[in-house]
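A.B. asks: The file below is structure_37.txt, compact mmCIF, C-alpha atoms:
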# COMPACT_ATOMS: atom_id res chain seq x y z
CA MET A 1 10.48 20.14 103.44
CA SER A 2 9.98 22.46 100.54
CA GLU A 3 8.09 21.13 97.56
CA ILE A 4 10.42 23.02 95.25
CA PRO A 5 13.56 21.07 94.26
CA ALA A 6 16.66 22.41 95.98
CA PRO A 7 18.75 24.64 93.71
CA ILE A 8 22.18 23.60 92.49
CA PHE A 9 24.94 26.22 92.57
CA ASP A 10 27.76 25.54 90.14
CA ASP A 11 31.35 26.73 89.72
CA GLY A 12 30.24 29.49 87.37
CA PHE A 13 27.87 30.93 89.97
CA ARG A 14 30.44 30.63 92.74
CA ALA A 15 33.00 32.52 90.63
CA LYS A 16 30.48 35.29 89.95
CA LEU A 17 29.50 35.42 93.63
CA GLU A 18 33.16 35.85 94.55
CA THR A 19 33.37 38.67 91.99
CA LEU A 20 30.32 40.30 93.58
CA ILE A 21 31.89 40.08 97.03
CA ARG A 22 35.20 41.46 95.70
CA TRP A 23 33.57 44.39 93.90
CA ARG A 24 31.12 45.44 96.62
CA ARG A 25 32.43 48.76 97.86
CA ASP A 26 31.66 51.34 100.51
CA VAL A 27 30.66 54.03 98.02
CA ARG A 28 31.04 57.72 98.82
CA ARG A 29 30.97 59.21 95.29
CA PHE A 30 27.59 59.00 93.63
CA LYS A 31 25.97 60.06 90.39
CA PRO A 32 22.81 62.14 90.98
CA ASP A 33 20.49 59.80 89.00
CA PRO A 34 17.78 58.19 91.12
CA ILE A 35 17.32 54.43 91.44
CA ALA A 36 14.09 53.00 90.00
CA PRO A 37 11.52 52.53 92.80
CA ALA A 38 11.04 48.89 91.77
CA VAL A 39 14.74 48.24 92.31
CA LEU A 40 14.66 49.83 95.77
CA ASP A 41 11.61 47.68 96.60
CA ASP A 42 13.46 44.57 95.37
CA LEU A 43 16.44 45.41 97.56
CA LEU A 44 14.27 45.85 100.66
CA SER A 45 12.44 42.59 99.92
CA LEU A 46 15.74 40.73 99.63
CA ALA A 47 16.92 42.33 102.89
CA ALA A 48 13.81 40.89 104.56
CA LEU A 49 15.19 37.38 103.78
CA ALA A 50 18.29 37.96 105.92
CA PRO A 51 18.95 35.73 108.93
CA SER A 52 17.46 37.02 112.17
CA VAL A 53 17.56 35.80 115.73
CA GLY A 54 14.46 33.73 116.47
CA LEU A 55 13.04 34.77 113.08
CA SER A 56 12.36 38.16 114.68
CA GLN A 57 13.14 40.28 111.58
CA PRO A 58 13.91 43.26 113.86
CA TRP A 59 15.26 45.55 111.11
CA ARG A 60 13.40 48.85 110.71
CA PHE A 61 14.29 50.96 107.68
CA VAL A 62 13.58 54.67 107.32
CA MET A 63 13.81 56.30 103.89
CA VAL A 64 14.88 59.88 104.54
CA ASP A 65 13.76 62.38 101.89
CA ASP A 66 12.84 65.49 103.87
CA PRO A 67 15.49 68.18 103.21
CA ALA A 68 15.39 69.47 106.81
CA ARG A 69 15.98 65.98 108.20
CA ARG A 70 18.77 65.34 105.70
CA ALA A 71 20.38 68.63 106.76
CA ALA A 72 20.19 67.58 110.42
CA VAL A 73 21.89 64.28 109.59
CA ARG A 74 24.57 66.19 107.70
CA ARG A 75 25.21 68.45 110.71
CA ASN A 76 25.37 65.39 112.96
CA PHE A 77 28.01 63.93 110.62
CA GLU A 78 30.01 67.18 110.55
CA VAL A 79 30.13 67.44 114.34
CA SER A 80 30.98 63.76 114.78
CA ASN A 81 33.62 63.93 112.07
CA ALA A 82 35.24 67.01 113.63
CA GLU A 83 35.41 65.11 116.93
CA ALA A 84 36.97 62.14 115.17
CA LEU A 85 39.54 64.39 113.47
CA ALA A 86 40.42 65.92 116.85
CA GLU A 87 40.97 62.42 118.29
CA CYS A 88 43.07 61.33 115.33
CA ARG A 89 46.78 60.78 115.93
CA GLN A 90 48.78 63.87 114.96
CA GLU A 91 50.66 62.26 112.08
CA ARG A 92 47.38 61.06 110.53
CA LYS A 93 45.31 64.25 110.85
CA ALA A 94 46.24 65.69 107.44
CA LEU A 95 45.42 62.44 105.66
CA TYR A 96 42.18 62.02 107.64
CA ALA A 97 41.06 65.55 106.74
CA LYS A 98 41.52 64.78 103.02
CA LEU A 99 39.40 61.62 103.03
CA LYS A 100 35.87 61.70 101.67
CA LEU A 101 33.97 59.71 104.27
CA ALA A 102 30.36 60.09 103.16
CA GLY A 103 28.31 60.81 100.06
CA LEU A 104 25.56 62.63 101.94
CA ASP A 105 25.45 65.58 99.53
CA GLU A 106 25.33 63.58 96.30
CA ALA A 107 23.52 60.32 97.01
CA PRO A 108 19.94 60.43 95.70
CA HIS A 109 18.64 58.07 98.40
CA HIS A 110 19.23 58.11 102.14
CA LEU A 111 18.23 55.07 104.18
CA ALA A 112 18.51 54.90 107.96
CA LEU A 113 18.48 51.54 109.71
CA PHE A 114 17.27 50.85 113.24
CA ALA A 115 16.70 47.62 115.18
CA ASP A 116 13.69 47.12 117.41
CA ALA A 117 15.35 46.18 120.69
CA GLU A 118 12.31 44.26 121.94
CA PRO A 119 10.57 42.78 118.92
CA SER A 120 7.44 40.74 119.66
CA GLN A 121 8.07 38.71 116.51
CA GLY A 122 10.24 35.71 117.35
CA HIS A 123 8.88 35.50 120.91
CA GLY A 124 12.32 36.29 122.34
CA LEU A 125 13.92 33.09 121.06
CA GLY A 126 17.72 33.08 120.88
CA ARG A 127 18.41 36.47 122.42
CA LEU A 128 18.08 36.11 126.21
CA SER A 129 21.82 35.69 126.85
CA MET A 130 22.88 37.86 123.89
CA PRO A 131 20.40 40.69 123.32
CA GLU A 132 22.89 42.24 120.89
CA THR A 133 21.82 39.60 118.34
CA VAL A 134 18.84 41.84 117.54
CA ALA A 135 21.24 44.52 116.28
CA TYR A 136 23.31 41.84 114.53
CA SER A 137 20.20 40.69 112.65
CA ALA A 138 19.60 44.22 111.38
CA VAL A 139 23.24 44.40 110.29
CA MET A 140 22.77 41.23 108.20
CA ALA A 141 19.71 42.75 106.55
CA ALA A 142 21.78 45.80 105.62
CA HIS A 143 24.56 43.58 104.33
CA THR A 144 22.09 41.58 102.23
CA LEU A 145 20.78 44.81 100.71
CA TRP A 146 24.36 45.99 100.12
CA LEU A 147 25.46 42.85 98.22
CA ALA A 148 22.23 42.68 96.25
CA ALA A 149 22.56 46.37 95.35
CA ARG A 150 25.94 45.71 93.78
CA ALA A 151 24.34 43.06 91.57
CA PHE A 152 22.03 45.82 90.26
CA GLY A 153 24.97 48.19 89.71
CA VAL A 154 23.84 50.23 92.71
CA GLY A 155 26.33 51.56 95.26
CA VAL A 156 25.85 51.75 99.02
CA GLY A 157 27.90 53.69 101.55
CA TRP A 158 27.56 53.07 105.30
CA VAL A 159 27.90 56.25 107.35
CA SER A 160 28.83 55.47 110.96
CA ILE A 161 30.41 58.81 111.91
CA LEU A 162 27.21 59.93 113.62
CA ASP A 163 25.92 60.42 117.13
CA PRO A 164 23.40 57.55 117.30
CA SER A 165 21.27 59.06 120.06
CA ALA A 166 20.55 62.11 117.90
CA MET A 167 19.44 59.99 114.94
CA ALA A 168 16.35 58.66 116.70
CA ALA A 169 15.32 62.21 117.59
CA THR A 170 15.97 63.55 114.09
CA LEU A 171 13.95 60.79 112.47
CA GLN A 172 11.22 60.57 115.15
CA VAL A 173 11.16 56.81 115.42
CA PRO A 174 9.58 54.70 118.19
CA SER A 175 11.50 54.72 121.47
CA SER A 176 12.36 50.99 121.32
CA TRP A 177 14.34 51.44 118.09
CA ARG A 178 18.14 51.56 118.28
CA PHE A 179 20.14 53.26 115.54
CA ILE A 180 22.33 50.87 113.52
CA GLY A 181 23.59 52.84 110.52
CA TYR A 182 22.86 55.36 107.80
CA PHE A 183 23.18 54.36 104.15
CA CYS A 184 23.76 56.54 101.11
CA ILE A 185 22.42 54.80 97.99
CA GLY A 186 22.85 55.62 94.32
CA PHE A 187 24.81 54.75 91.21
CA PRO A 188 28.56 54.92 91.92
CA GLN A 189 30.69 57.33 89.90
CA VAL A 190 33.23 54.53 89.42
CA ASP A 191 33.34 50.79 90.02
CA ASP A 192 36.42 49.46 91.73
CA ASP A 193 37.74 46.27 93.28
CA THR A 194 39.87 48.18 95.81
CA PRO A 195 38.42 50.01 98.83
CA GLU A 196 38.64 53.80 98.70
CA LEU A 197 40.48 53.86 102.07
CA GLU A 198 43.11 51.58 100.52
CA ARG A 199 43.46 53.66 97.36
CA HIS A 200 43.96 56.81 99.43
CA GLY A 201 46.63 55.27 101.62
CA TRP A 202 44.72 55.07 104.90
CA GLU A 203 44.86 51.29 105.34
CA HIS A 204 45.30 48.15 103.28
CA ARG A 205 43.41 44.89 103.45
CA ARG A 206 44.84 41.69 104.77
CA ARG A 207 43.54 39.28 102.18
CA ASP A 208 43.94 35.87 103.75
CA GLY A 209 41.14 35.07 106.17
CA THR A 210 43.17 32.27 107.72
CA LEU A 211 45.52 34.91 109.14
CA ALA A 212 42.70 35.73 111.55
CA LEU A 213 42.16 32.09 112.51
CA LEU A 214 43.11 30.37 115.76
CA GLN A 215 42.89 26.63 116.38
CA ARG A 216 41.50 25.47 119.72
CA MET B 1 40.73 52.89 89.71
CA SER B 2 41.19 49.21 89.18
CA GLU B 3 42.93 48.12 85.99
CA ILE B 4 40.52 45.22 85.72
CA PRO B 5 37.29 46.02 83.82
CA ALA B 6 34.30 46.27 86.13
CA PRO B 7 32.15 43.14 86.10
CA ILE B 8 28.65 43.13 84.65
CA PHE B 9 25.95 41.31 86.62
CA ASP B 10 22.99 40.21 84.51
CA ASP B 11 19.40 39.13 85.19
CA GLY B 12 20.46 35.50 85.29
CA PHE B 13 22.97 36.15 88.04
CA ARG B 14 20.53 38.31 90.00
CA ALA B 15 17.91 35.54 89.87
CA LYS B 16 20.44 33.00 91.12
CA LEU B 17 21.60 35.38 93.86
CA GLU B 18 18.00 35.75 95.01
CA THR B 19 17.72 31.96 95.06
CA LEU B 20 20.87 31.78 97.19
CA ILE B 21 19.47 34.31 99.65
CA ARG B 22 16.12 32.45 99.76
CA TRP B 23 17.73 29.05 100.36
CA ARG B 24 20.32 30.08 102.93
CA ARG B 25 19.15 28.55 106.17
CA ASP B 26 20.09 28.42 109.82
CA VAL B 27 21.02 24.73 109.78
CA ARG B 28 20.75 22.57 112.91
CA ARG B 29 20.66 19.07 111.33
CA PHE B 30 23.97 18.04 109.80
CA LYS B 31 25.46 15.02 108.07
CA PRO B 32 28.67 13.85 109.76
CA ASP B 33 30.85 14.19 106.62
CA PRO B 34 33.63 16.75 106.95
CA ILE B 35 34.02 19.71 104.60
CA ALA B 36 37.15 19.73 102.42
CA PRO B 37 39.84 21.93 104.02
CA ALA B 38 40.21 23.89 100.76
CA VAL B 39 36.52 24.81 100.90
CA LEU B 40 36.80 25.99 104.52
CA ASP B 41 39.84 28.07 103.51
CA ASP B 42 37.88 29.54 100.59
CA LEU B 43 35.01 30.48 102.90
CA LEU B 44 37.35 32.21 105.36
CA SER B 45 39.08 34.07 102.52
CA LEU B 46 35.73 35.30 101.22
CA ALA B 47 34.74 36.37 104.74
CA ALA B 48 37.91 38.51 104.82
CA LEU B 49 36.43 40.56 101.94
CA ALA B 50 33.45 41.66 104.05
CA PRO B 51 32.90 45.35 104.77
CA SER B 52 34.58 46.57 107.95
CA VAL B 53 34.62 49.89 109.74
CA GLY B 54 37.72 51.86 108.70
CA LEU B 55 38.99 48.75 106.87
CA SER B 56 39.81 47.34 110.32
CA GLN B 57 38.92 43.68 109.52
CA PRO B 58 38.31 43.08 113.24
CA TRP B 59 36.87 39.55 112.86
CA ARG B 60 38.76 36.83 114.71
CA PHE B 61 37.78 33.24 113.97
CA VAL B 62 38.54 30.26 116.19
CA MET B 63 38.18 26.75 114.79
CA VAL B 64 37.21 24.56 117.75
CA ASP B 65 38.26 20.91 117.45
CA ASP B 66 39.32 19.97 120.98
CA PRO B 67 36.69 17.61 122.46
CA ALA B 68 36.99 19.10 125.96
CA ARG B 69 36.40 22.60 124.64
CA ARG B 70 33.48 21.43 122.51
CA ALA B 71 32.00 19.78 125.60
CA ALA B 72 32.35 23.03 127.55
CA VAL B 73 30.54 24.91 124.79
CA ARG B 74 27.82 22.30 124.84
CA ARG B 75 27.36 22.69 128.62
CA ASN B 76 27.27 26.46 128.17
CA PHE B 77 24.48 25.99 125.62
CA GLU B 78 22.54 23.60 127.86
CA VAL B 79 22.61 25.99 130.81
CA SER B 80 21.72 29.01 128.67
CA ASN B 81 18.95 27.08 126.94
CA ALA B 82 17.47 25.92 130.26
CA GLU B 83 17.41 29.56 131.39
CA ALA B 84 15.72 30.57 128.14
CA LEU B 85 13.11 27.81 128.56
CA ALA B 86 12.43 29.01 132.11
CA GLU B 87 11.88 32.56 130.83
CA CYS B 88 9.62 31.40 128.02
CA ARG B 89 5.92 32.27 128.26
CA GLN B 90 3.95 29.38 129.75
CA GLU B 91 1.92 28.65 126.64
CA ARG B 92 5.07 28.41 124.53
CA LYS B 93 7.22 26.25 126.83
CA ALA B 94 6.16 22.90 125.36
CA LEU B 95 6.83 24.05 121.81
CA TYR B 96 10.15 25.64 122.80
CA ALA B 97 11.30 22.43 124.48
CA LYS B 98 10.65 20.47 121.28
CA LEU B 99 12.70 22.75 119.02
CA LYS B 100 16.15 21.70 117.92
CA LEU B 101 18.14 24.90 118.37
CA ALA B 102 21.70 23.80 117.65
CA GLY B 103 23.59 21.11 115.78
CA LEU B 104 26.46 20.99 118.26
CA ASP B 105 26.50 17.19 118.48
CA GLU B 106 26.43 16.46 114.76
CA ALA B 107 28.21 19.30 112.98
CA PRO B 108 31.72 18.25 111.91
CA HIS B 109 33.11 21.79 112.22
CA HIS B 110 32.71 24.33 115.02
CA LEU B 111 33.75 27.92 114.38
CA ALA B 112 33.65 30.63 117.04
CA LEU B 113 33.72 34.29 116.06
CA PHE B 114 35.07 37.17 118.11
CA ALA B 115 35.67 40.84 117.31
CA ASP B 116 38.78 42.65 118.46
CA ALA B 117 37.25 45.62 120.31
CA GLU B 118 40.32 47.81 119.76
CA PRO B 119 41.88 46.80 116.45
CA SER B 120 45.00 48.73 115.47
CA GLN B 121 44.20 48.10 111.81
CA GLY B 122 42.03 50.92 110.50
CA HIS B 123 43.53 53.46 112.91
CA GLY B 124 40.19 53.94 114.66
CA LEU B 125 38.47 55.44 111.61
CA GLY B 126 34.67 55.41 111.67
CA ARG B 127 34.11 53.97 115.11
CA LEU B 128 34.62 56.79 117.63
CA SER B 129 30.92 57.62 117.99
CA MET B 130 29.76 54.04 117.35
CA PRO B 131 32.26 51.51 118.74
CA GLU B 132 29.68 48.77 118.14
CA THR B 133 30.57 48.96 114.42
CA VAL B 134 33.55 46.71 115.20
CA ALA B 135 31.14 43.95 116.21
CA TYR B 136 28.93 44.75 113.22
CA SER B 137 31.94 44.25 110.91
CA ALA B 138 32.53 40.79 112.36
CA VAL B 139 28.84 39.99 111.85
CA MET B 140 29.15 40.89 108.15
CA ALA B 141 32.16 38.59 107.83
CA ALA B 142 30.10 35.76 109.32
CA HIS B 143 27.22 36.56 107.01
CA THR B 144 29.54 36.57 103.99
CA LEU B 145 30.83 33.14 105.00
CA TRP B 146 27.26 31.94 105.54
CA LEU B 147 26.01 32.97 102.08
CA ALA B 148 29.14 31.69 100.36
CA ALA B 149 28.84 28.38 102.23
CA ARG B 150 25.35 27.86 100.79
CA ALA B 151 26.81 28.27 97.29
CA PHE B 152 29.10 25.31 98.11
CA GLY B 153 26.19 23.26 99.45
CA VAL B 154 27.50 23.78 102.99
CA GLY B 155 25.16 24.59 105.87
CA VAL B 156 25.83 27.00 108.72
CA GLY B 157 23.94 27.34 111.99
CA TRP B 158 24.45 30.34 114.31
CA VAL B 159 24.27 29.40 117.99
CA SER B 160 23.50 32.45 120.15
CA ILE B 161 22.03 30.67 123.19
CA LEU B 162 25.34 30.95 125.05
CA ASP B 163 26.83 32.95 127.89
CA PRO B 164 29.29 35.11 125.92
CA SER B 165 31.57 35.84 128.87
CA ALA B 166 32.25 32.13 129.34
CA MET B 167 33.16 31.66 125.68
CA ALA B 168 36.33 33.76 125.90
CA ALA B 169 37.46 31.74 128.91
CA THR B 170 36.65 28.39 127.30
CA LEU B 171 38.56 29.27 124.15
CA GLN B 172 41.41 31.21 125.81
CA VAL B 173 41.39 34.15 123.45
CA PRO B 174 43.07 37.55 123.98
CA SER B 175 41.31 39.80 126.49
CA SER B 176 40.39 42.44 123.88
CA TRP B 177 38.27 39.97 121.93
CA ARG B 178 34.46 40.08 122.33
CA PHE B 179 32.38 37.00 121.57
CA ILE B 180 30.04 37.42 118.59
CA GLY B 181 28.69 33.96 117.77
CA TYR B 182 29.32 30.25 117.45
CA PHE B 183 28.79 28.53 114.13
CA CYS B 184 28.11 24.86 113.41
CA ILE B 185 29.25 23.99 109.89
CA GLY B 186 28.67 20.90 107.76
CA PHE B 187 26.53 19.47 104.99
CA PRO B 188 22.83 19.89 105.82
CA GLN B 189 20.66 16.80 106.09
CA VAL B 190 18.06 18.58 103.96
CA ASP B 191 17.90 21.72 101.85
CA ASP B 192 14.90 23.92 102.37
CA ASP B 193 13.59 27.33 101.39
CA THR B 194 11.61 27.69 104.63
CA PRO B 195 13.24 28.38 108.01
CA GLU B 196 13.08 25.54 110.50
CA LEU B 197 11.42 27.80 113.10
CA GLU B 198 8.66 28.46 110.55
CA ARG B 199 8.22 24.80 109.66
CA HIS B 200 7.89 23.91 113.33
CA GLY B 201 5.29 26.58 114.03
CA TRP B 202 7.35 28.92 116.21
CA GLU B 203 7.15 31.99 113.96
CA HIS B 204 6.55 32.90 110.34
CA ARG B 205 8.38 35.37 108.18
CA ARG B 206 6.96 38.64 107.03
CA ARG B 207 8.09 38.61 103.43
CA ASP B 208 7.72 42.18 102.29
CA GLY B 209 10.60 44.37 103.39
CA THR B 210 8.60 47.52 102.70
CA LEU B 211 6.36 46.59 105.64
CA ALA B 212 9.30 47.59 107.83
CA LEU B 213 9.82 50.90 106.04
CA LEU B 214 9.00 54.38 107.31
CA GLN B 215 9.18 57.54 105.21
CA ARG B 216 10.67 60.65 106.79
As structure tokens, please, write out the structure in this file.
C.D. replies:
Amino acid sequence: MSEIPAPIFDDGFRAKLETLIRWRRDVRRFKPDPIAPAVLDDLLSLAALAPSVGLSQPWRFVMVDDPARRAAVRRNFEVSNAEALAECRQERKALYAKLKLAGLDEAPHHLALFADAEPSQGHGLGRLSMPETVAYSAVMAAHTLWLAARAFGVGVGWVSILDPSAMAATLQVPSSWRFIGYFCIGFPQVDDDTPELERHGWEHRRRDGTLALLQR
Amino acid sequence: MSEIPAPIFDDGFRAKLETLIRWRRDVRRFKPDPIAPAVLDDLLSLAALAPSVGLSQPWRFVMVDDPARRAAVRRNFEVSNAEALAECRQERKALYAKLKLAGLDEAPHHLALFADAEPSQGHGLGRLSMPETVAYSAVMAAHTLWLAARAFGVGVGWVSILDPSAMAATLQVPSSWRFIGYFCIGFPQVDDDTPELERHGWEHRRRDGTLALLQR
């Protein structure tokens, strides 16, 4: 057992945590101001405390600064987004085309996330029957970073409209790494408690988690 | 924009959030006491605020109370765990066999998580090139529940040593649902800031997230 006394979390903290969860957003509209390097380091250190299968910590982050690589990611997004628009149901195409789905041009920081599909750390524990738990661990690291960022006033936007196979080539990562997501990071132009897709009429949230609950 | 003023998160909250992240654990040793239904409802409602691709909220939770179904899950775990032990490197088998990898017998609440692979909500946005983002959304709902649970003093343990194809059959869920994970929930016997796998000598954490960071 730890030698440090266990922390107590009170009603005040729980209320603030709920506020954090409610006001985390997928941000696509950023101010140009950079984030302090110490804050980015803090966010990555907190991400490293995320749960991981077999304590494998398989997340692999890539900070993308090179303009040529950023341009390649932007082209990847444009091609993938044009394909998505083409697949969109006819009556939704006009609305889809108006949505802003990524802040790639404005966000001061670009962070790509991969998962090492065969990490030596963790000695394989917990993932034999479900190898996808390696990717899931990386997702929880990203989600930790995302929530923590909001507590620093920093916005994060997850870009998934990308061809994942091209991302590994663009960023020249080891062959065992699988692409998970691409994150735009910066200060948001506005704070909001309502998702942008909801405000622009694409979809609305179902708020009660018990609606998605079966009893067995 | 929201009509509610944006919240301010201060140093005190950030320090407490870091403590929450540090003291979240994968719990396998539970007290038998049940969790208040209102708290379980709160946790599921918070999970419903997680990020999801295209605002699709594809998480599907199943609360498992039926003793026959719990017994089937337990057999699934035993078989999968025996296979994992057989695959374990020789010099690690004895240590593996001694680890307690699930709290299935003690935890008062069992929660299975699936993702609807083809949710109508969200109208397909964001997942054409990366359909795995549906599963990733469900993972972030589980992770939201997990962190929030810790703030209520509630422990969560993710069981992944399971044959996922058998889980859908055992729990009789719709055919479009994909199994993500099985969660034991209850009050932990002990609170700790160090993962159980680390305390028992299986693996240790690398603490600095920037160790897993490339620059491109």
A.B. asks: Compile the contact shell of B:His200 as a list in words: residues with an atom at most 10 Å away, counting all atoms listed in the file, same-chain residues fewer than 4 positions apart removed.
C.D. replies: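 What passes the distance filter is Leu95, Tyr96, Lys98, Leu99, Lys100, Pro195, Glu196 and His204 of chain B.
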A.B. asks: Output as a PyMOL selection string the set of chain B residues within 6 Å of chain A, with distances taken over all atoms listed in the file.
C.D. replies: chain B and resi 1-2+9+44-45+48+60-64+122+126+129+151+160-161+163+192+203+208-209+212-216
A.B. asks: Which value, in Å to one decimal, gives the distance between atom CA of A:Phe183 and atom CA of A:Ala36?
C.D. replies: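 Answer for the atom CA of A:Phe183 to atom CA of A:Ala36 separation: 16.9 Å.
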A.B. asks: Quote the spacing between atom CA of B:Ala117 and atom CA of B:Ala169 in Å to one decimal place.
C.D. replies: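 Between these atoms lies a distance of 16.3 Å.
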A.B. asks: What is the atom CA of A:Ala86 to atom CA of A:Glu106 distance in Å?
C.D. replies: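 These atoms are spaced 25.6 Å apart.
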